[in-house]
Each structure stands twice: as C-alpha cells, then as structure tokens.
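Trainee: What follows is run_20.cif, made up of mmCIF, C-alpha atoms:
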```cif
data_entry
loop_
_atom_site.label_atom_id
_atom_site.label_comp_id
_atom_site.auth_asym_id
_atom_site.auth_seq_id
_atom_site.Cartn_x
_atom_site.Cartn_y
_atom_site.Cartn_z
CA MET A 27 52.62 9.19 58.14
CA ASP A 28 48.87 9.52 57.92
CA LYS A 29 47.57 13.09 58.14
CA SER A 30 45.18 12.12 60.92
CA LEU A 31 48.11 11.30 63.20
CA LEU A 32 49.76 14.60 62.32
CA VAL A 33 46.57 16.43 63.29
CA LEU A 34 46.43 14.75 66.69
CA ALA A 35 50.14 15.34 67.24
CA ALA A 36 49.55 19.04 66.61
CA LEU A 37 46.61 19.00 69.00
CA VAL A 38 48.31 17.38 71.98
CA THR A 39 51.52 19.38 71.61
CA SER A 40 49.87 22.79 71.32
CA GLY A 41 51.95 25.25 73.30
CA PHE A 42 54.91 22.88 73.38
CA ALA A 43 58.18 24.79 73.62
CA ALA A 44 61.08 22.69 72.43
CA SER A 45 64.27 22.89 74.48
CA ILE A 46 66.72 22.76 71.63
CA SER A 47 70.32 23.73 72.22
CA SER A 48 70.63 25.60 68.93
CA ARG A 49 68.62 28.82 68.72
CA SER A 50 68.77 28.75 64.93
CA LEU A 51 67.39 25.22 64.74
CA ASP A 52 64.82 26.03 67.41
CA ASN A 53 63.61 28.97 65.31
CA ASP A 54 63.46 26.81 62.19
CA LEU A 55 61.31 24.19 63.90
CA ARG A 56 59.06 26.77 65.52
CA GLU A 57 58.51 28.48 62.17
CA ILE A 58 57.34 25.19 60.67
CA TYR A 59 55.29 24.22 63.73
CA ASN A 60 53.55 27.61 63.78
CA LEU A 61 51.98 26.87 60.40
CA ILE A 62 49.66 24.39 62.14
CA PRO A 63 46.32 25.89 63.32
CA LYS A 64 46.78 24.57 66.85
CA GLN A 65 44.31 26.88 68.57
CA LYS A 66 41.59 25.98 66.11
CA TYR A 67 42.24 22.28 66.77
CA LEU A 68 42.09 22.83 70.52
CA GLU A 69 38.75 24.60 70.22
CA MET A 70 37.45 21.77 68.05
CA ALA A 71 38.66 19.16 70.54
CA LYS A 72 36.87 20.89 73.41
CA ARG A 73 33.68 20.97 71.35
CA TYR A 74 33.96 17.29 70.48
CA LEU A 75 34.71 16.36 74.09
CA ARG A 76 31.50 18.14 75.05
CA ASP A 77 29.25 17.00 72.20
CA ASP A 78 30.60 13.70 70.85
CA PRO A 79 30.61 10.76 73.31
CA ASP A 80 32.64 8.63 70.88
CA PHE A 81 35.41 11.24 70.83
CA ALA A 82 35.27 11.52 74.62
CA ASN A 83 35.48 7.73 74.90
CA ALA A 84 38.55 7.66 72.65
CA VAL A 85 40.33 10.26 74.77
CA ALA A 86 39.26 8.43 77.94
CA PHE A 87 40.76 5.23 76.55
CA LEU A 88 44.08 7.04 76.03
CA GLN A 89 43.90 8.14 79.66
CA GLY A 90 43.22 4.61 80.91
CA ASP A 91 45.30 1.80 82.35
CA GLU A 92 45.18 -0.47 79.30
CA TRP A 93 46.73 2.14 77.01
CA ASN A 94 49.23 3.39 79.58
CA GLU A 95 50.44 -0.12 80.36
CA LEU A 96 51.06 -0.67 76.65
CA ILE A 97 53.02 2.58 76.39
CA LYS A 98 55.02 1.65 79.49
CA SER A 99 55.83 -1.74 77.99
CA LEU A 100 56.84 -0.19 74.66
CA LEU A 101 59.11 2.39 76.28
CA ALA A 102 60.85 -0.36 78.25
CA GLN A 103 62.06 -2.04 75.05
CA GLU A 104 65.71 -1.60 74.14
CA GLU A 105 64.78 -0.76 70.54
CA ILE A 106 62.62 2.21 71.51
CA GLN A 107 65.19 3.42 74.03
CA GLN A 108 67.86 3.42 71.33
CA LEU A 109 65.59 5.37 68.99
CA ILE A 110 64.79 7.93 71.68
CA GLN A 111 68.48 8.33 72.47
CA PHE A 112 69.22 8.86 68.78
CA LEU A 113 66.55 11.56 68.52
CA GLU A 114 67.67 13.27 71.73
CA GLU A 115 71.25 13.33 70.42
CA SER A 116 69.87 14.88 67.23
CA ASN A 117 68.65 17.85 69.30
CA LEU A 118 65.02 16.72 69.39
CA PRO A 119 63.69 16.70 73.00
CA VAL A 120 61.54 13.60 72.57
CA LYS A 121 61.23 12.85 76.28
CA LYS A 122 59.82 16.30 76.98
CA TYR A 123 57.54 15.92 73.97
CA MET A 124 56.16 12.65 75.35
CA LEU A 125 55.61 14.17 78.78
CA ARG A 126 53.74 17.04 77.13
CA ILE A 127 51.48 14.58 75.34
CA LYS A 128 50.69 12.76 78.58
CA GLU A 129 49.98 16.03 80.39
CA LYS A 130 47.57 17.14 77.65
CA LEU A 131 45.73 13.83 77.66
CA ASP A 132 45.51 13.63 81.44
CA LYS A 133 44.01 17.13 81.64
CA ALA A 134 41.35 16.51 79.00
CA ASP A 135 37.80 16.63 80.37
CA THR A 136 36.23 13.26 79.56
CA SER A 137 33.19 13.64 81.81
CA LYS A 138 30.91 13.06 78.79
CA ALA A 139 32.47 9.65 78.10
CA ASP A 140 30.28 6.65 78.94
CA ARG A 141 33.27 4.27 78.57
CA LYS A 142 31.11 1.59 76.93
CA SER A 143 33.59 1.38 74.05
CA LYS A 144 37.04 2.62 73.04
CA GLY A 145 35.33 5.32 70.98
CA THR A 146 36.63 6.86 67.79
CA PHE A 147 38.26 10.02 66.46
CA LYS A 148 36.72 9.56 63.00
CA ARG A 149 34.20 12.41 63.08
CA PHE A 150 36.74 14.80 64.59
CA LEU A 151 39.33 13.89 61.96
CA LYS A 152 36.83 14.27 59.12
CA GLU A 153 36.49 17.92 60.13
CA ALA A 154 40.11 18.48 61.17
CA ILE A 155 42.11 16.95 58.33
CA PRO A 156 41.00 19.44 55.64
CA LEU A 157 42.37 22.23 57.85
CA PHE A 158 45.82 20.66 58.10
CA PRO A 159 48.35 22.68 56.03
CA TYR A 160 50.16 19.66 54.65
CA GLU A 161 51.42 21.26 51.44
CA ASP A 162 52.55 24.39 53.29
CA LEU A 163 54.49 22.25 55.75
CA VAL A 164 56.18 20.28 52.99
CA ALA A 165 57.11 23.53 51.22
CA ALA A 166 58.49 25.01 54.45
CA ILE A 167 60.57 21.89 55.14
CA LYS A 168 62.01 21.98 51.62
CA LYS A 169 62.86 25.65 52.06
CA LYS A 170 64.62 24.99 55.36
CA ILE A 171 66.58 22.10 53.87
CA ALA A 172 67.84 24.44 51.16
CA SER A 173 68.51 27.51 53.31
CA SER A 174 69.37 26.40 56.86
CA PRO A 175 72.60 24.43 57.45
CA GLU A 176 71.50 23.28 60.91
CA PHE A 177 68.09 22.16 59.72
CA ARG A 178 69.69 20.38 56.77
CA GLN A 179 72.05 18.61 59.18
CA LEU A 180 69.09 17.48 61.28
CA TYR A 181 67.21 16.34 58.20
CA THR A 182 70.24 14.42 56.92
CA LYS A 183 70.60 12.62 60.24
CA LEU A 184 66.91 11.75 60.43
CA SER A 185 66.93 10.41 56.87
CA SER A 186 70.10 8.37 57.38
CA ASN A 187 70.33 4.59 57.16
CA GLU A 188 71.03 4.53 60.89
CA ALA A 189 67.73 6.26 61.62
CA GLY A 190 65.88 4.00 59.22
CA LEU A 191 67.24 0.86 60.85
CA LEU A 192 66.32 2.11 64.32
CA VAL A 193 62.76 2.79 63.17
CA GLU A 194 62.50 -0.60 61.47
CA ARG A 195 63.50 -2.34 64.70
CA VAL A 196 60.79 -0.46 66.60
CA VAL A 197 58.18 -1.23 63.93
CA ARG A 198 58.88 -4.97 64.27
CA LEU A 199 58.15 -4.99 68.01
CA PRO A 200 54.99 -6.83 69.10
CA GLU A 201 54.15 -3.84 71.29
CA THR A 202 54.21 -1.59 68.23
CA SER A 203 51.84 -3.90 66.37
CA LYS A 204 49.47 -3.85 69.32
CA LEU A 205 49.66 -0.06 69.56
CA LEU A 206 48.89 0.33 65.85
CA ALA A 207 45.94 -2.05 66.20
CA TYR A 208 44.57 0.01 69.07
CA ILE A 209 44.84 3.33 67.28
CA ALA A 210 43.31 1.79 64.15
CA GLU A 211 40.27 0.98 66.30
CA LEU A 212 40.18 4.66 67.24
CA GLY A 213 40.03 5.66 63.58
CA LEU A 214 43.73 6.31 63.02
CA ILE A 215 45.12 4.26 60.17
CA VAL A 216 48.88 4.72 60.20
CA ASP A 217 50.66 3.99 56.94
CA LEU A 218 54.28 3.51 57.95
CA GLU A 219 55.21 3.75 54.29
CA GLY A 220 53.14 6.87 53.70
CA LYS A 221 53.97 10.54 53.36
CA PRO A 222 55.79 12.58 54.35
CA LYS A 223 58.98 10.67 53.58
CA LEU A 224 62.31 12.35 54.16
CA GLU A 225 63.75 10.32 51.31
CA ASP A 226 61.23 11.86 48.90
CA LEU A 227 62.26 15.36 49.93
CA LYS A 228 65.90 14.42 49.55
CA LYS A 229 65.38 13.20 45.98
CA GLU A 230 63.81 16.52 45.06
CA GLN A 231 66.79 18.38 46.51
CA ASP A 232 69.38 16.31 44.62
#
```
Starting from the file, give its structure as structure tokens.

Mentor:
Amino acid sequence: MDKSLLVLAALVTSGFAASISSRSLDNDLREIYNLIPKQKYLEMAKRYLRDDPDFANAVAFLQGDEWNELIKSLLAQEEIQQLIQFLEESNLPVKKYMLRIKEKLDKADTSKADRKSKGTFKRFLKEAIPLFPYEDLVAAIKKKIASSPEFRQLYTKLSSNEAGLLVERVVRLPETSKLLAYIAELGLIVDLEGKPKLEDLKKEQD
C-alpha cells in the first residue's frame, strides 16, 4: 500500500480505540499504532484546511454526495461484505473503523474550500510522508509476529489464501476501480501490489 494512504489512514483514525475481544491482541495493535505521529498529522491537517484551498477542496469532496454514493454502492456489494465479515471474524472491528473515518471527515472544517475542483492532497502528503515511521512499523510488526502468538495468528489469517482471494474479488469490482480513480485525482496513487506485503514479512520469518 502506498505510504500516502497510510498517512491519511493514521490521520482520520486518530484517537480510534479498537474494540478487540483479546486484550493481548488489542495491546499489540495499540503498540504498533502508537508509533504513528497522529497528533502531528492532525495539527498539519488543521493548518492545511485553513491555508490550502486545494486540501480543503479534497476533504470537501470526501464529505460530498458523489463520494458517499460511491462508498454506499461499494459497501452494498457482496464481495466487500464478505471481506468485512472475514476481517470482523479476525477480531478487527472494521465497521467501527469505517464509522470513525466518516465521523472524522464529516467534522472537518472545510469553510475555506471553494469547491471549484476536487482538490488535491499532494502538498500535504509531500510534507507528511517523510514523517511516517514506515521502517519502525515494519520492525514492530516483525517483532510481534515473532513474539506474540495472538498477533501471529492474526497475521497468518490475514496473509492466507482465503484473505487474498477475498481482496482480489473486491479489487476487480467496477466500484473499486472508480474509487481508485477518484483518489488518484486527489493525489493518492495506490499500488495494490506495493508494500507492505504480509507475504514479504512471512518469507523473512521462515
């Protein structure tokens, strides 16, 4: 996954408390998540919303009907519902995560947006990406795979053939292609074959 998408995921989920049934797994995930400089990203986002109309336009687009109708259509697909169910059964509260994202976006102050275009996150990401602790996160994940049975079980399930097939089915959806085209316009180029790959981590553990 492209680092720019990871940065925005960290931004919109700042303060997100996962409701995971296992306290040990919850602690593992929080420890990894806490490596991300979420507060710094939030402060940056507020500054860009105030000073960068293109950034404000991009956020406003994500608040708008066109984007929300696409998300609604995507979530209605059987393929995405099966993937969400798989993740929920893996102890990842995806539905709560998605609600948190929507809440964050809806609360963002886009009063500086002129809405003449979809806008772009490019300038924000140029500043934000160098702050993202990618190598630290990879190292922490490797450590958890080696030391935490519950985290290793989660990792094994997420890197399974079953998970891969579910993701492939979602990727082939027309709605997914449209979503990727939209976010590319916003400056987010998502490489579905890019890092981090669970398979790569697995090879290093073997």

Trainee: At a cut-off of 12 Å, using all atoms listed in the file, what residues contact stretch 114-118 of chain A? Leave out same-chain residues fewer than 3 positions from it and give the result as a PyMOL selection string.

Mentor: chain A and resi 43-52+55+107-111+121-124+176-186+189

Trainee: Quick one, how far is atom CA of A:Lys72 from atom CA of A:Phe150?

Mentor: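 Result for atom CA of A:Lys72 versus atom CA of A:Phe150: 10.7 Å, one decimal.
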
Trainee: Need to verify the contact set: A:Leu88, 12 Å, all atoms listed in the file, exclusion of same-chain residues closer than 3 positions in sequence. Can you return it as an MDAnalysis selection string?

Mentor: chainID A and resid 38 81:85 91:97 127:134 136 141 144:147 205 208:209 212

Trainee: From the options A:Ile171, A:Leu191, A:Leu214, A:Ala86, which residue's atoms come nearest to A:Phe112, counting all atoms listed in the file?

Mentor: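 Counting all atoms listed in the file, the residue closest to A:Phe112 is A:Leu191.
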
Trainee: Report the distance between atom CA of A:Leu101 and atom CA of A:Leu125 in Å, rounded to one decimal place.

Mentor: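 Interatomic distance, atom CA of A:Leu101 to atom CA of A:Leu125: 12.5 Å.
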
Trainee: Go through A:Lys98, A:Lys204, A:Lys170, A:Arg76 and flag the residue nearest A:Arg56, using all atoms listed in the file for the distances.

Mentor: A:Lys170

Trainee: My list of candidates is A:Glu104, A:Asp162, A:Asp135, A:Glu201. Which is closest to A:Asn60 when distances are computed with all atoms listed in the file?

Mentor: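 Smallest distance to A:Asn60 is found for A:Asp162.
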
Trainee: Could stretch 175-191 of chain A be completed with N, CA, C and O atoms and written as a PDB file, in the frame of the given file, please?

Mentor:
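What ended up in selection.pdb:
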```pdb
ATOM      1  N   PRO A 175      71.629  25.514  57.251  1.00  0.00           N
ATOM      2  CA  PRO A 175      72.600  24.430  57.450  1.00  0.00           C
ATOM      3  C   PRO A 175      72.265  23.519  58.631  1.00  0.00           C
ATOM      4  O   PRO A 175      72.420  22.296  58.536  1.00  0.00           O
ATOM      5  N   GLU A 176      71.792  24.096  59.733  1.00  0.00           N
ATOM      6  CA  GLU A 176      71.500  23.280  60.910  1.00  0.00           C
ATOM      7  C   GLU A 176      70.264  22.410  60.685  1.00  0.00           C
ATOM      8  O   GLU A 176      70.226  21.253  61.110  1.00  0.00           O
ATOM      9  N   PHE A 177      69.267  22.967  60.022  1.00  0.00           N
ATOM     10  CA  PHE A 177      68.090  22.160  59.720  1.00  0.00           C
ATOM     11  C   PHE A 177      68.446  21.056  58.733  1.00  0.00           C
ATOM     12  O   PHE A 177      67.984  19.920  58.873  1.00  0.00           O
ATOM     13  N   ARG A 178      69.273  21.386  57.748  1.00  0.00           N
ATOM     14  CA  ARG A 178      69.690  20.380  56.770  1.00  0.00           C
ATOM     15  C   ARG A 178      70.487  19.261  57.449  1.00  0.00           C
ATOM     16  O   ARG A 178      70.335  18.086  57.109  1.00  0.00           O
ATOM     17  N   GLN A 179      71.302  19.623  58.432  1.00  0.00           N
ATOM     18  CA  GLN A 179      72.050  18.610  59.180  1.00  0.00           C
ATOM     19  C   GLN A 179      71.105  17.690  59.942  1.00  0.00           C
ATOM     20  O   GLN A 179      71.291  16.464  59.967  1.00  0.00           O
ATOM     21  N   LEU A 180      70.088  18.279  60.570  1.00  0.00           N
ATOM     22  CA  LEU A 180      69.090  17.480  61.280  1.00  0.00           C
ATOM     23  C   LEU A 180      68.356  16.562  60.318  1.00  0.00           C
ATOM     24  O   LEU A 180      68.191  15.360  60.577  1.00  0.00           O
ATOM     25  N   TYR A 181      67.925  17.115  59.211  1.00  0.00           N
ATOM     26  CA  TYR A 181      67.210  16.340  58.200  1.00  0.00           C
ATOM     27  C   TYR A 181      68.056  15.176  57.679  1.00  0.00           C
ATOM     28  O   TYR A 181      67.580  14.048  57.536  1.00  0.00           O
ATOM     29  N   THR A 182      69.339  15.459  57.427  1.00  0.00           N
ATOM     30  CA  THR A 182      70.240  14.420  56.920  1.00  0.00           C
ATOM     31  C   THR A 182      70.380  13.287  57.933  1.00  0.00           C
ATOM     32  O   THR A 182      70.371  12.101  57.572  1.00  0.00           O
ATOM     33  N   LYS A 183      70.468  13.647  59.207  1.00  0.00           N
ATOM     34  CA  LYS A 183      70.600  12.620  60.240  1.00  0.00           C
ATOM     35  C   LYS A 183      69.325  11.795  60.357  1.00  0.00           C
ATOM     36  O   LYS A 183      69.367  10.569  60.481  1.00  0.00           O
ATOM     37  N   LEU A 184      68.177  12.463  60.292  1.00  0.00           N
ATOM     38  CA  LEU A 184      66.910  11.750  60.430  1.00  0.00           C
ATOM     39  C   LEU A 184      66.583  10.886  59.219  1.00  0.00           C
ATOM     40  O   LEU A 184      65.792   9.948  59.319  1.00  0.00           O
ATOM     41  N   SER A 185      67.173  11.202  58.081  1.00  0.00           N
ATOM     42  CA  SER A 185      66.930  10.410  56.870  1.00  0.00           C
ATOM     43  C   SER A 185      68.054   9.421  56.590  1.00  0.00           C
ATOM     44  O   SER A 185      68.097   8.809  55.526  1.00  0.00           O
ATOM     45  N   SER A 186      68.955   9.259  57.558  1.00  0.00           N
ATOM     46  CA  SER A 186      70.100   8.370  57.380  1.00  0.00           C
ATOM     47  C   SER A 186      69.692   6.905  57.495  1.00  0.00           C
ATOM     48  O   SER A 186      68.616   6.567  58.003  1.00  0.00           O
ATOM     49  N   ASN A 187      70.569   6.034  57.025  1.00  0.00           N
ATOM     50  CA  ASN A 187      70.330   4.590  57.160  1.00  0.00           C
ATOM     51  C   ASN A 187      70.249   4.191  58.629  1.00  0.00           C
ATOM     52  O   ASN A 187      69.464   3.307  58.995  1.00  0.00           O
ATOM     53  N   GLU A 188      71.057   4.837  59.459  1.00  0.00           N
ATOM     54  CA  GLU A 188      71.030   4.530  60.890  1.00  0.00           C
ATOM     55  C   GLU A 188      69.646   4.788  61.474  1.00  0.00           C
ATOM     56  O   GLU A 188      69.099   3.951  62.207  1.00  0.00           O
ATOM     57  N   ALA A 189      69.068   5.938  61.131  1.00  0.00           N
ATOM     58  CA  ALA A 189      67.730   6.260  61.620  1.00  0.00           C
ATOM     59  C   ALA A 189      66.704   5.269  61.093  1.00  0.00           C
ATOM     60  O   ALA A 189      65.824   4.806  61.828  1.00  0.00           O
ATOM     61  N   GLY A 190      66.821   4.939  59.818  1.00  0.00           N
ATOM     62  CA  GLY A 190      65.880   4.000  59.220  1.00  0.00           C
ATOM     63  C   GLY A 190      65.918   2.633  59.880  1.00  0.00           C
ATOM     64  O   GLY A 190      64.870   2.023  60.125  1.00  0.00           O
ATOM     65  N   LEU A 191      67.109   2.160  60.195  1.00  0.00           N
ATOM     66  CA  LEU A 191      67.240   0.860  60.850  1.00  0.00           C
ATOM     67  C   LEU A 191      66.661   0.879  62.260  1.00  0.00           C
ATOM     68  O   LEU A 191      66.026  -0.088  62.699  1.00  0.00           O
TER      69      LEU A 191
END
```
